[in-house]
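Let me begin by presenting the structure, written as C-alpha coordinates, before commenting on it.
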Amino acid sequence: MTQLGSSANQAVRTEALTATARTPRGRGGRGAPGGRGAGAGKGIRSGEGVAGWVFVSPMIVILGLFMVVPIVMALWVSLTNWNGSVNPFGGGPGAEFVGVRNYSDLFVRDGLTRSNFMQSIGNTFWYVLFVVPLQTVLALGLALLVNNRMLKAKGFFRTAFYFPSVTSSIAISTVFLFLFSATGAVNALLGAIGAGQPSWFTDDRGLVHLLFNAVGVDNPGWAQGQILGRSLWDWVAGPSVALSVIIILVVWTTSGTFMLMFIAALQDLPVEIDEAAALDGTSGWQKLRHVTIPMIRPTLFLVITLGLIGTWQVFDQIYVMGKGNPNGTTLTPAYLSYQQSFGNFKYGSGAAMAFVVFAIIVVLTRIQRWVLTDKDERRPLLRRSKAVAR
(Lines give C-alpha, C1' and ligand atoms only; values in the text may rest on other atoms or scores of the structure.)
Protein backbone atom coordinates (compact mmCIF):
# COMPACT_ATOMS: atom_id res chain seq x y z
CA MET A 1 0.00 0.00 0.00
CA THR A 2 2.82 2.38 0.86
CA GLN A 3 4.46 1.71 -2.47
CA LEU A 4 1.13 2.16 -4.22
CA GLY A 5 0.63 5.51 -2.48
CA SER A 6 4.12 6.62 -3.39
CA SER A 7 3.52 5.68 -7.01
CA ALA A 8 0.25 7.59 -7.01
CA ASN A 9 1.87 10.67 -5.49
CA GLN A 10 4.67 10.48 -8.03
CA ALA A 11 2.12 10.23 -10.86
CA VAL A 12 0.28 13.28 -9.52
CA ARG A 13 3.51 15.26 -9.33
CA THR A 14 4.45 14.25 -12.85
CA GLU A 15 1.03 15.27 -14.18
CA ALA A 16 1.25 18.60 -12.35
CA LEU A 17 4.69 19.33 -13.72
CA THR A 18 3.51 18.42 -17.22
CA ALA A 19 0.52 20.73 -16.89
CA THR A 20 2.75 23.51 -15.63
CA ALA A 21 5.12 23.04 -18.56
CA ARG A 22 2.20 23.25 -20.99
CA THR A 23 0.79 26.41 -19.42
CA PRO A 24 1.37 29.40 -21.74
CA ARG A 25 4.00 31.70 -20.36
CA GLY A 26 4.62 35.32 -21.06
CA ARG A 27 1.06 36.62 -20.26
CA GLY A 28 1.56 38.23 -16.95
CA GLY A 29 3.21 35.46 -14.98
CA ARG A 30 5.83 36.88 -12.71
CA GLY A 31 8.47 34.39 -13.68
CA ALA A 32 7.47 34.31 -17.33
CA PRO A 33 9.89 35.69 -19.89
CA GLY A 34 7.33 38.21 -21.08
CA GLY A 35 6.11 39.13 -17.60
CA ARG A 36 6.77 42.31 -15.67
CA GLY A 37 8.81 40.74 -12.93
CA ALA A 38 11.95 42.44 -11.71
CA GLY A 39 14.17 39.86 -13.43
CA ALA A 40 12.37 39.87 -16.80
CA GLY A 41 14.78 40.05 -19.78
CA LYS A 42 17.84 39.58 -17.56
CA GLY A 43 18.21 35.80 -17.65
CA ILE A 44 21.53 34.11 -17.25
CA ARG A 45 21.58 33.25 -20.99
CA SER A 46 20.41 36.61 -22.29
CA GLY A 47 23.89 37.62 -23.50
CA GLU A 48 24.94 34.35 -25.10
CA GLY A 49 24.05 35.47 -28.60
CA VAL A 50 26.18 38.59 -28.39
CA ALA A 51 29.03 36.67 -26.77
CA GLY A 52 28.89 34.06 -29.53
CA TRP A 53 29.20 36.69 -32.26
CA VAL A 54 32.09 38.31 -30.41
CA PHE A 55 33.96 35.00 -30.26
CA VAL A 56 33.44 34.12 -33.95
CA SER A 57 33.96 37.64 -35.30
CA PRO A 58 37.76 37.27 -35.66
CA MET A 59 37.32 34.19 -37.85
CA ILE A 60 34.58 35.89 -39.85
CA VAL A 61 36.89 38.84 -40.49
CA ILE A 62 39.79 36.57 -41.45
CA LEU A 63 37.64 34.48 -43.81
CA GLY A 64 36.17 37.61 -45.31
CA LEU A 65 39.56 39.22 -45.94
CA PHE A 66 41.43 36.17 -47.17
CA MET A 67 38.69 34.13 -48.88
CA VAL A 68 35.54 36.07 -49.77
CA VAL A 69 37.27 39.28 -50.90
CA PRO A 70 39.83 37.45 -53.10
CA ILE A 71 37.05 35.39 -54.69
CA VAL A 72 35.11 38.54 -55.56
CA MET A 73 38.28 40.15 -56.91
CA ALA A 74 39.07 37.07 -59.01
CA LEU A 75 35.52 37.10 -60.39
CA TRP A 76 36.03 40.68 -61.50
CA VAL A 77 39.41 39.81 -63.04
CA SER A 78 37.74 37.03 -65.04
CA LEU A 79 35.63 39.73 -66.71
CA THR A 80 38.66 41.80 -67.78
CA ASN A 81 41.75 41.37 -69.95
CA TRP A 82 44.10 42.21 -67.09
CA ASN A 83 47.75 41.54 -67.92
CA GLY A 84 49.13 42.04 -64.41
CA SER A 85 51.00 45.27 -65.09
CA VAL A 86 48.32 47.76 -64.02
CA ASN A 87 45.60 48.08 -61.41
CA PRO A 88 42.93 45.49 -62.33
CA PHE A 89 40.17 47.75 -60.99
CA GLY A 90 41.35 50.93 -62.71
CA GLY A 91 40.24 50.09 -66.24
CA GLY A 92 42.06 51.32 -69.30
CA PRO A 93 44.73 49.49 -71.35
CA GLY A 94 45.76 46.25 -69.71
CA ALA A 95 42.64 46.05 -67.55
CA GLU A 96 39.70 46.63 -69.87
CA PHE A 97 36.30 45.18 -69.05
CA VAL A 98 35.48 42.50 -71.65
CA GLY A 99 32.42 40.90 -70.08
CA VAL A 100 32.07 37.17 -70.70
CA ARG A 101 34.58 37.07 -73.54
CA ASN A 102 37.06 35.07 -71.47
CA TYR A 103 34.36 32.46 -70.88
CA SER A 104 33.24 32.40 -74.51
CA ASP A 105 36.85 31.83 -75.56
CA LEU A 106 36.79 28.62 -73.54
CA PHE A 107 33.61 27.16 -75.04
CA VAL A 108 32.59 28.90 -78.26
CA ARG A 109 35.47 30.61 -80.02
CA ASP A 110 37.89 28.45 -81.98
CA GLY A 111 41.49 28.89 -80.98
CA LEU A 112 44.37 27.58 -78.93
CA THR A 113 42.73 28.64 -75.66
CA ARG A 114 39.64 26.49 -76.20
CA SER A 115 41.70 23.63 -77.60
CA ASN A 116 43.99 23.52 -74.58
CA PHE A 117 41.18 23.99 -72.10
CA MET A 118 39.03 21.24 -73.58
CA GLN A 119 42.00 18.90 -73.66
CA SER A 120 42.63 19.66 -69.98
CA ILE A 121 38.96 18.98 -69.19
CA GLY A 122 39.13 15.66 -71.03
CA ASN A 123 42.33 14.66 -69.23
CA THR A 124 40.88 15.57 -65.85
CA PHE A 125 37.63 13.71 -66.58
CA TRP A 126 39.54 10.47 -67.08
CA TYR A 127 41.81 11.29 -64.15
CA VAL A 128 38.80 11.75 -61.84
CA LEU A 129 37.08 8.66 -63.25
CA PHE A 130 40.06 6.51 -62.28
CA VAL A 131 41.34 8.19 -59.10
CA VAL A 132 38.14 8.75 -57.09
CA PRO A 133 36.79 5.16 -57.26
CA LEU A 134 40.23 3.60 -56.80
CA GLN A 135 41.21 5.70 -53.81
CA THR A 136 37.78 5.26 -52.20
CA VAL A 137 37.77 1.47 -52.59
CA LEU A 138 41.40 1.17 -51.48
CA ALA A 139 40.81 3.40 -48.44
CA LEU A 140 37.74 1.42 -47.41
CA GLY A 141 39.58 -1.86 -47.90
CA LEU A 142 42.52 -0.69 -45.78
CA ALA A 143 40.14 0.56 -43.09
CA LEU A 144 38.35 -2.80 -42.95
CA LEU A 145 41.69 -4.58 -42.77
CA VAL A 146 43.11 -2.41 -40.01
CA ASN A 147 39.83 -2.44 -38.09
CA ASN A 148 39.78 -6.25 -38.03
CA ARG A 149 39.84 -7.54 -34.47
CA MET A 150 42.09 -10.43 -35.40
CA LEU A 151 44.83 -8.19 -36.84
CA LYS A 152 47.87 -7.65 -34.65
CA ALA A 153 50.18 -4.60 -34.70
CA LYS A 154 47.35 -2.32 -35.83
CA GLY A 155 49.32 0.78 -34.91
CA PHE A 156 52.16 -0.21 -37.24
CA PHE A 157 49.86 -0.83 -40.20
CA ARG A 158 47.93 2.38 -39.66
CA THR A 159 51.16 4.35 -39.63
CA ALA A 160 52.51 2.53 -42.68
CA PHE A 161 49.34 3.09 -44.72
CA TYR A 162 48.99 6.72 -43.62
CA PHE A 163 52.65 7.71 -44.01
CA PRO A 164 52.50 8.50 -47.78
CA SER A 165 49.70 11.00 -47.12
CA VAL A 166 51.87 13.20 -44.89
CA THR A 167 54.94 13.05 -47.12
CA SER A 168 55.65 16.00 -49.40
CA SER A 169 53.91 15.59 -52.75
CA ILE A 170 56.89 17.18 -54.47
CA ALA A 171 59.28 14.67 -52.90
CA ILE A 172 57.11 11.68 -53.80
CA SER A 173 56.65 12.98 -57.35
CA THR A 174 60.41 13.25 -57.73
CA VAL A 175 60.85 9.69 -56.47
CA PHE A 176 58.26 8.46 -58.99
CA LEU A 177 60.19 10.20 -61.77
CA PHE A 178 63.18 8.01 -60.94
CA LEU A 179 61.10 4.86 -60.44
CA PHE A 180 59.33 5.17 -63.83
CA SER A 181 62.24 6.53 -65.84
CA ALA A 182 63.61 4.56 -68.79
CA THR A 183 66.29 3.02 -66.56
CA GLY A 184 64.24 3.01 -63.35
CA ALA A 185 63.23 0.20 -61.06
CA VAL A 186 59.81 -0.32 -62.64
CA ASN A 187 61.21 -0.87 -66.15
CA ALA A 188 63.94 -3.10 -64.72
CA LEU A 189 61.30 -5.27 -63.06
CA LEU A 190 59.14 -5.37 -66.19
CA GLY A 191 62.14 -6.25 -68.30
CA ALA A 192 63.06 -9.06 -65.92
CA ILE A 193 59.67 -10.71 -66.43
CA GLY A 194 59.62 -10.00 -70.16
CA ALA A 195 56.76 -7.50 -70.09
CA GLY A 196 58.54 -4.75 -72.05
CA GLN A 197 59.84 -1.37 -70.95
CA PRO A 198 57.39 1.48 -71.70
CA SER A 199 58.49 5.08 -72.09
CA TRP A 200 56.23 6.25 -69.32
CA PHE A 201 56.68 10.01 -69.48
CA THR A 202 56.96 10.35 -73.26
CA ASP A 203 54.10 8.07 -74.33
CA ASP A 204 51.00 10.17 -75.14
CA ARG A 205 48.78 7.27 -76.22
CA GLY A 206 45.55 6.87 -74.31
CA LEU A 207 44.75 3.62 -72.54
CA VAL A 208 41.34 3.36 -74.24
CA HIS A 209 42.98 3.94 -77.62
CA LEU A 210 45.41 1.15 -76.84
CA LEU A 211 42.50 -1.18 -76.10
CA PHE A 212 40.79 -0.20 -79.35
CA ASN A 213 44.03 -0.75 -81.29
CA ALA A 214 44.38 -4.18 -79.72
CA VAL A 215 41.14 -5.22 -81.40
CA GLY A 216 41.96 -3.50 -84.69
CA VAL A 217 39.97 -0.26 -84.24
CA ASP A 218 41.83 2.96 -85.06
CA ASN A 219 40.05 6.30 -85.45
CA PRO A 220 36.82 4.92 -86.98
CA GLY A 221 34.31 7.02 -88.86
CA TRP A 222 31.79 7.17 -86.01
CA ALA A 223 34.39 8.97 -83.84
CA GLN A 224 34.97 11.89 -86.22
CA GLY A 225 32.21 14.13 -84.87
CA GLN A 226 33.29 17.39 -83.25
CA ILE A 227 32.35 18.22 -79.65
CA LEU A 228 33.55 21.59 -78.33
CA GLY A 229 36.35 21.70 -80.85
CA ARG A 230 37.61 18.14 -80.28
CA SER A 231 36.75 14.96 -82.11
CA LEU A 232 34.92 12.22 -80.29
CA TRP A 233 37.97 10.00 -80.82
CA ASP A 234 40.07 12.44 -78.80
CA TRP A 235 37.47 12.61 -76.02
CA VAL A 236 37.45 8.81 -75.59
CA ALA A 237 41.24 8.46 -75.67
CA GLY A 238 41.38 7.70 -71.96
CA PRO A 239 44.26 8.68 -69.69
CA SER A 240 47.62 8.63 -71.40
CA VAL A 241 50.42 6.33 -70.30
CA ALA A 242 52.10 9.34 -68.68
CA LEU A 243 48.92 10.33 -66.83
CA SER A 244 48.46 6.76 -65.59
CA VAL A 245 51.70 7.13 -63.59
CA ILE A 246 50.26 10.21 -61.89
CA ILE A 247 47.05 8.30 -61.19
CA ILE A 248 49.02 5.55 -59.45
CA LEU A 249 50.92 8.13 -57.45
CA VAL A 250 47.83 10.03 -56.31
CA VAL A 251 45.86 6.91 -55.37
CA TRP A 252 48.78 5.70 -53.26
CA THR A 253 49.31 9.02 -51.47
CA THR A 254 45.68 9.92 -50.75
CA SER A 255 44.19 6.59 -49.66
CA GLY A 256 45.80 6.82 -46.22
CA THR A 257 43.94 9.98 -45.27
CA PHE A 258 40.59 8.61 -46.35
CA MET A 259 41.41 5.34 -44.57
CA LEU A 260 41.45 7.22 -41.25
CA MET A 261 38.01 8.65 -41.99
CA PHE A 262 36.60 5.21 -42.70
CA ILE A 263 38.26 3.79 -39.58
CA ALA A 264 36.56 6.45 -37.45
CA ALA A 265 33.20 5.62 -39.05
CA LEU A 266 33.66 1.87 -38.61
CA GLN A 267 34.64 2.20 -34.96
CA ASP A 268 31.53 4.28 -34.35
CA LEU A 269 29.22 1.48 -35.49
CA PRO A 270 27.29 -0.28 -32.69
CA VAL A 271 28.60 -3.70 -31.71
CA GLU A 272 25.03 -5.00 -31.69
CA ILE A 273 24.92 -4.63 -35.46
CA ASP A 274 27.76 -7.10 -35.92
CA GLU A 275 26.20 -9.51 -33.48
CA ALA A 276 22.81 -9.34 -35.21
CA ALA A 277 24.44 -9.88 -38.61
CA ALA A 278 26.34 -12.89 -37.26
CA LEU A 279 23.16 -14.38 -35.81
CA ASP A 280 21.40 -13.96 -39.14
CA GLY A 281 24.19 -15.90 -40.83
CA THR A 282 25.17 -13.17 -43.27
CA SER A 283 28.40 -13.51 -45.18
CA GLY A 284 31.15 -10.93 -45.08
CA TRP A 285 30.15 -9.48 -48.45
CA GLN A 286 26.46 -9.31 -47.51
CA LYS A 287 27.29 -7.58 -44.25
CA LEU A 288 29.52 -5.07 -46.05
CA ARG A 289 26.96 -4.34 -48.75
CA HIS A 290 23.73 -4.27 -46.77
CA VAL A 291 24.88 -3.21 -43.30
CA THR A 292 28.27 -1.51 -43.16
CA ILE A 293 28.19 0.68 -46.28
CA PRO A 294 24.64 2.03 -45.67
CA MET A 295 25.57 2.94 -42.09
CA ILE A 296 28.77 4.78 -43.08
CA ARG A 297 27.13 6.57 -46.01
CA PRO A 298 27.81 10.07 -44.57
CA THR A 299 31.52 9.27 -44.39
CA LEU A 300 31.39 7.80 -47.89
CA PHE A 301 29.83 11.04 -49.13
CA LEU A 302 32.59 13.05 -47.42
CA VAL A 303 35.36 10.92 -48.91
CA ILE A 304 33.97 11.10 -52.44
CA THR A 305 33.37 14.84 -52.15
CA LEU A 306 36.91 15.51 -50.96
CA GLY A 307 38.19 13.21 -53.69
CA LEU A 308 36.29 15.11 -56.37
CA ILE A 309 37.55 18.47 -55.13
CA GLY A 310 41.13 17.26 -54.86
CA THR A 311 41.25 15.61 -58.27
CA TRP A 312 39.80 18.59 -60.11
CA GLN A 313 42.37 20.83 -58.42
CA VAL A 314 45.43 18.62 -58.95
CA PHE A 315 48.51 20.77 -59.57
CA ASP A 316 51.66 19.70 -57.68
CA GLN A 317 52.14 16.37 -59.41
CA ILE A 318 51.40 17.87 -62.84
CA TYR A 319 53.91 20.67 -62.28
CA VAL A 320 56.68 18.29 -61.25
CA MET A 321 56.03 15.28 -63.48
CA GLY A 322 55.04 16.68 -66.84
CA LYS A 323 53.79 20.27 -67.03
CA GLY A 324 51.28 19.08 -69.59
CA ASN A 325 53.69 16.94 -71.62
CA PRO A 326 53.67 14.81 -73.63
CA ASN A 327 51.49 16.65 -76.14
CA GLY A 328 49.21 18.06 -73.48
CA THR A 329 48.05 14.66 -72.22
CA THR A 330 48.87 15.54 -68.59
CA LEU A 331 47.43 19.03 -68.81
CA THR A 332 44.81 19.90 -66.17
CA PRO A 333 42.63 23.01 -65.73
CA ALA A 334 44.45 23.99 -62.54
CA TYR A 335 47.86 23.90 -64.19
CA LEU A 336 46.52 25.51 -67.38
CA SER A 337 45.02 28.33 -65.31
CA TYR A 338 48.39 28.86 -63.64
CA GLN A 339 50.19 28.76 -66.98
CA GLN A 340 47.73 31.13 -68.62
CA SER A 341 47.98 33.62 -65.76
CA PHE A 342 51.62 33.58 -64.71
CA GLY A 343 53.15 32.32 -67.92
CA ASN A 344 51.15 34.12 -70.62
CA PHE A 345 50.03 37.01 -68.36
CA LYS A 346 46.40 36.49 -69.31
CA TYR A 347 44.99 36.67 -65.81
CA GLY A 348 41.40 37.16 -66.98
CA SER A 349 41.44 33.93 -68.96
CA GLY A 350 43.15 32.07 -66.11
CA ALA A 351 40.54 33.30 -63.60
CA ALA A 352 37.72 32.27 -65.94
CA MET A 353 39.14 28.74 -66.07
CA ALA A 354 39.22 28.61 -62.29
CA PHE A 355 35.55 29.58 -62.01
CA VAL A 356 34.54 27.03 -64.64
CA VAL A 357 36.27 24.32 -62.60
CA PHE A 358 34.48 25.60 -59.49
CA ALA A 359 31.13 25.25 -61.26
CA ILE A 360 32.02 21.71 -62.40
CA ILE A 361 32.89 20.72 -58.82
CA VAL A 362 29.59 22.10 -57.50
CA VAL A 363 27.56 20.24 -60.13
CA LEU A 364 29.38 16.93 -59.60
CA THR A 365 29.04 17.22 -55.84
CA ARG A 366 25.32 17.80 -56.18
CA ILE A 367 24.96 14.77 -58.46
CA GLN A 368 26.92 12.39 -56.23
CA ARG A 369 25.01 13.58 -53.18
CA TRP A 370 21.78 12.73 -55.00
CA VAL A 371 23.15 9.31 -55.93
CA LEU A 372 24.18 8.49 -52.36
CA THR A 373 20.85 9.61 -50.87
CA ASP A 374 18.20 7.00 -50.12
CA LYS A 375 15.60 6.68 -52.86
CA ASP A 376 12.82 7.64 -50.45
CA GLU A 377 14.62 10.87 -49.48
CA ARG A 378 15.84 11.96 -52.90
CA ARG A 379 14.77 15.32 -54.23
CA PRO A 380 14.75 16.24 -57.91
CA LEU A 381 18.11 17.44 -59.18
CA LEU A 382 16.39 20.28 -61.01
CA ARG A 383 13.59 21.70 -58.89
CA ARG A 384 10.64 22.99 -60.85
CA SER A 385 8.73 26.04 -59.76
CA LYS A 386 5.29 25.64 -58.24
CA ALA A 387 3.65 27.26 -61.22
CA VAL A 388 5.22 24.76 -63.61
CA ALA A 389 4.43 21.84 -61.29
CA ARG A 390 0.79 22.80 -61.24
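Following the order of the C-alpha coordinates, chains are lettered A, B, ..., residues in each are numbered from 1, and ligands are numbered from 1.
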
- prompt: Do you know which residues are at most 12 Å from stretch 101-116 of chain A counting only C-alpha atoms, after dropping those on the same chain fewer than 6 positions away, and could you put them as a count of residues only?
  reply: 44

- request: Write out as a PyMOL selection string which residues come within 12 Å of A:Leu179 when counting only C-alpha atoms, dropping same-chain ones fewer than 6 positions away.
  value: chain A and resi 172-173+185-190+199-201+245+249+321

Export all heavy atoms of the chosen residues as a short mmCIF file (atom, residue, chain, number, x, y, z; two decimals), in the first residue's frame?
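This went into again-v8.cif:
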```cif
data_model
loop_
_atom_site.label_atom_id
_atom_site.label_comp_id
_atom_site.auth_asym_id
_atom_site.auth_seq_id
_atom_site.Cartn_x
_atom_site.Cartn_y
_atom_site.Cartn_z
N ILE A 172 57.59 12.95 -53.27
CA ILE A 172 57.11 11.68 -53.80
C ILE A 172 57.07 11.72 -55.33
O ILE A 172 57.40 10.73 -56.00
CB ILE A 172 55.73 11.35 -53.23
CG1 ILE A 172 55.84 11.07 -51.72
CG2 ILE A 172 55.12 10.13 -53.91
CD1 ILE A 172 54.54 10.68 -51.07
N SER A 173 56.67 12.86 -55.89
CA SER A 173 56.65 12.98 -57.35
C SER A 173 58.05 12.82 -57.93
O SER A 173 58.24 12.18 -58.98
CB SER A 173 56.06 14.34 -57.75
OG SER A 173 54.73 14.47 -57.28
N ALA A 185 63.50 1.51 -61.65
CA ALA A 185 63.23 0.20 -61.06
C ALA A 185 62.03 -0.49 -61.68
O ALA A 185 62.01 -1.72 -61.83
CB ALA A 185 63.02 0.36 -59.54
N VAL A 186 61.02 0.29 -62.08
CA VAL A 186 59.81 -0.32 -62.64
C VAL A 186 60.13 -0.98 -63.98
O VAL A 186 59.73 -2.13 -64.23
CB VAL A 186 58.71 0.75 -62.81
CG1 VAL A 186 57.50 0.16 -63.52
CG2 VAL A 186 58.30 1.31 -61.45
N ASN A 187 60.85 -0.28 -64.86
CA ASN A 187 61.21 -0.87 -66.15
C ASN A 187 62.16 -2.04 -65.98
O ASN A 187 62.12 -3.02 -66.75
CB ASN A 187 61.83 0.18 -67.05
CG ASN A 187 60.78 0.98 -67.80
OD1 ASN A 187 59.59 0.72 -67.68
ND2 ASN A 187 61.21 1.96 -68.58
N ALA A 188 63.04 -1.97 -64.97
CA ALA A 188 63.94 -3.10 -64.72
C ALA A 188 63.15 -4.33 -64.31
O ALA A 188 63.45 -5.46 -64.76
CB ALA A 188 64.95 -2.72 -63.64
N LEU A 189 62.13 -4.14 -63.48
CA LEU A 189 61.30 -5.27 -63.06
C LEU A 189 60.49 -5.82 -64.23
O LEU A 189 60.40 -7.05 -64.40
CB LEU A 189 60.38 -4.83 -61.93
CG LEU A 189 59.40 -5.89 -61.39
CD1 LEU A 189 60.18 -7.08 -60.82
CD2 LEU A 189 58.49 -5.28 -60.33
N LEU A 190 59.91 -4.92 -65.04
CA LEU A 190 59.14 -5.37 -66.19
C LEU A 190 60.01 -6.09 -67.20
O LEU A 190 59.60 -7.09 -67.81
CB LEU A 190 58.44 -4.17 -66.85
CG LEU A 190 57.34 -3.48 -66.04
CD1 LEU A 190 56.80 -2.27 -66.78
CD2 LEU A 190 56.20 -4.45 -65.72
N SER A 199 57.97 3.72 -72.31
CA SER A 199 58.49 5.08 -72.09
C SER A 199 57.40 5.87 -71.39
O SER A 199 56.58 6.54 -72.03
CB SER A 199 58.88 5.72 -73.42
OG SER A 199 59.88 4.95 -74.08
N TRP A 200 57.37 5.79 -70.08
CA TRP A 200 56.23 6.25 -69.32
C TRP A 200 55.92 7.73 -69.53
O TRP A 200 54.77 8.10 -69.76
CB TRP A 200 56.47 5.99 -67.83
CG TRP A 200 56.57 4.54 -67.48
CD1 TRP A 200 57.71 3.81 -67.29
CD2 TRP A 200 55.48 3.62 -67.30
NE1 TRP A 200 57.41 2.51 -67.00
CE2 TRP A 200 56.05 2.36 -66.99
CE3 TRP A 200 54.10 3.74 -67.36
CZ2 TRP A 200 55.27 1.23 -66.74
CZ3 TRP A 200 53.33 2.62 -67.10
CH2 TRP A 200 53.91 1.39 -66.81
N PHE A 201 56.92 8.57 -69.47
CA PHE A 201 56.68 10.01 -69.48
C PHE A 201 56.77 10.64 -70.87
O PHE A 201 56.68 11.86 -71.00
CB PHE A 201 57.66 10.71 -68.54
CG PHE A 201 57.47 10.30 -67.09
CD1 PHE A 201 58.40 9.48 -66.47
CD2 PHE A 201 56.36 10.72 -66.38
CE1 PHE A 201 58.23 9.09 -65.15
CE2 PHE A 201 56.18 10.33 -65.06
CZ PHE A 201 57.12 9.52 -64.45
N VAL A 245 50.70 7.12 -64.67
CA VAL A 245 51.70 7.13 -63.59
C VAL A 245 51.26 8.08 -62.49
O VAL A 245 51.37 7.78 -61.29
CB VAL A 245 53.08 7.53 -64.14
CG1 VAL A 245 54.10 7.58 -63.00
CG2 VAL A 245 53.54 6.55 -65.20
N LEU A 249 50.32 7.34 -58.52
CA LEU A 249 50.92 8.13 -57.45
C LEU A 249 49.86 8.73 -56.53
O LEU A 249 49.95 8.63 -55.29
CB LEU A 249 51.78 9.24 -58.06
CG LEU A 249 52.22 10.37 -57.13
CD1 LEU A 249 53.13 9.85 -56.03
CD2 LEU A 249 52.90 11.48 -57.91
N MET A 321 55.86 16.50 -62.68
CA MET A 321 56.03 15.28 -63.48
C MET A 321 55.76 15.44 -64.97
O MET A 321 55.93 14.47 -65.71
CB MET A 321 55.14 14.17 -62.91
CG MET A 321 55.41 13.85 -61.46
SD MET A 321 54.36 12.54 -60.79
CE MET A 321 55.04 11.11 -61.64
#
```

Residues within 8 Å of stretch 130-136 of chain A, only C-alpha atoms, excluding chain neighbours under 3 positions, as JSON, numbers by chain: {"A": [126, 127, 139, 140, 247, 250, 251, 252, 254, 255, 258, 303, 304, 307, 308, 311]}

task: Quick one: pick out all alpha helix (DSSP H) residues within stretch 138-364 of chain A from a backbone DSSP run and write them as a count of residues only.
output: 142
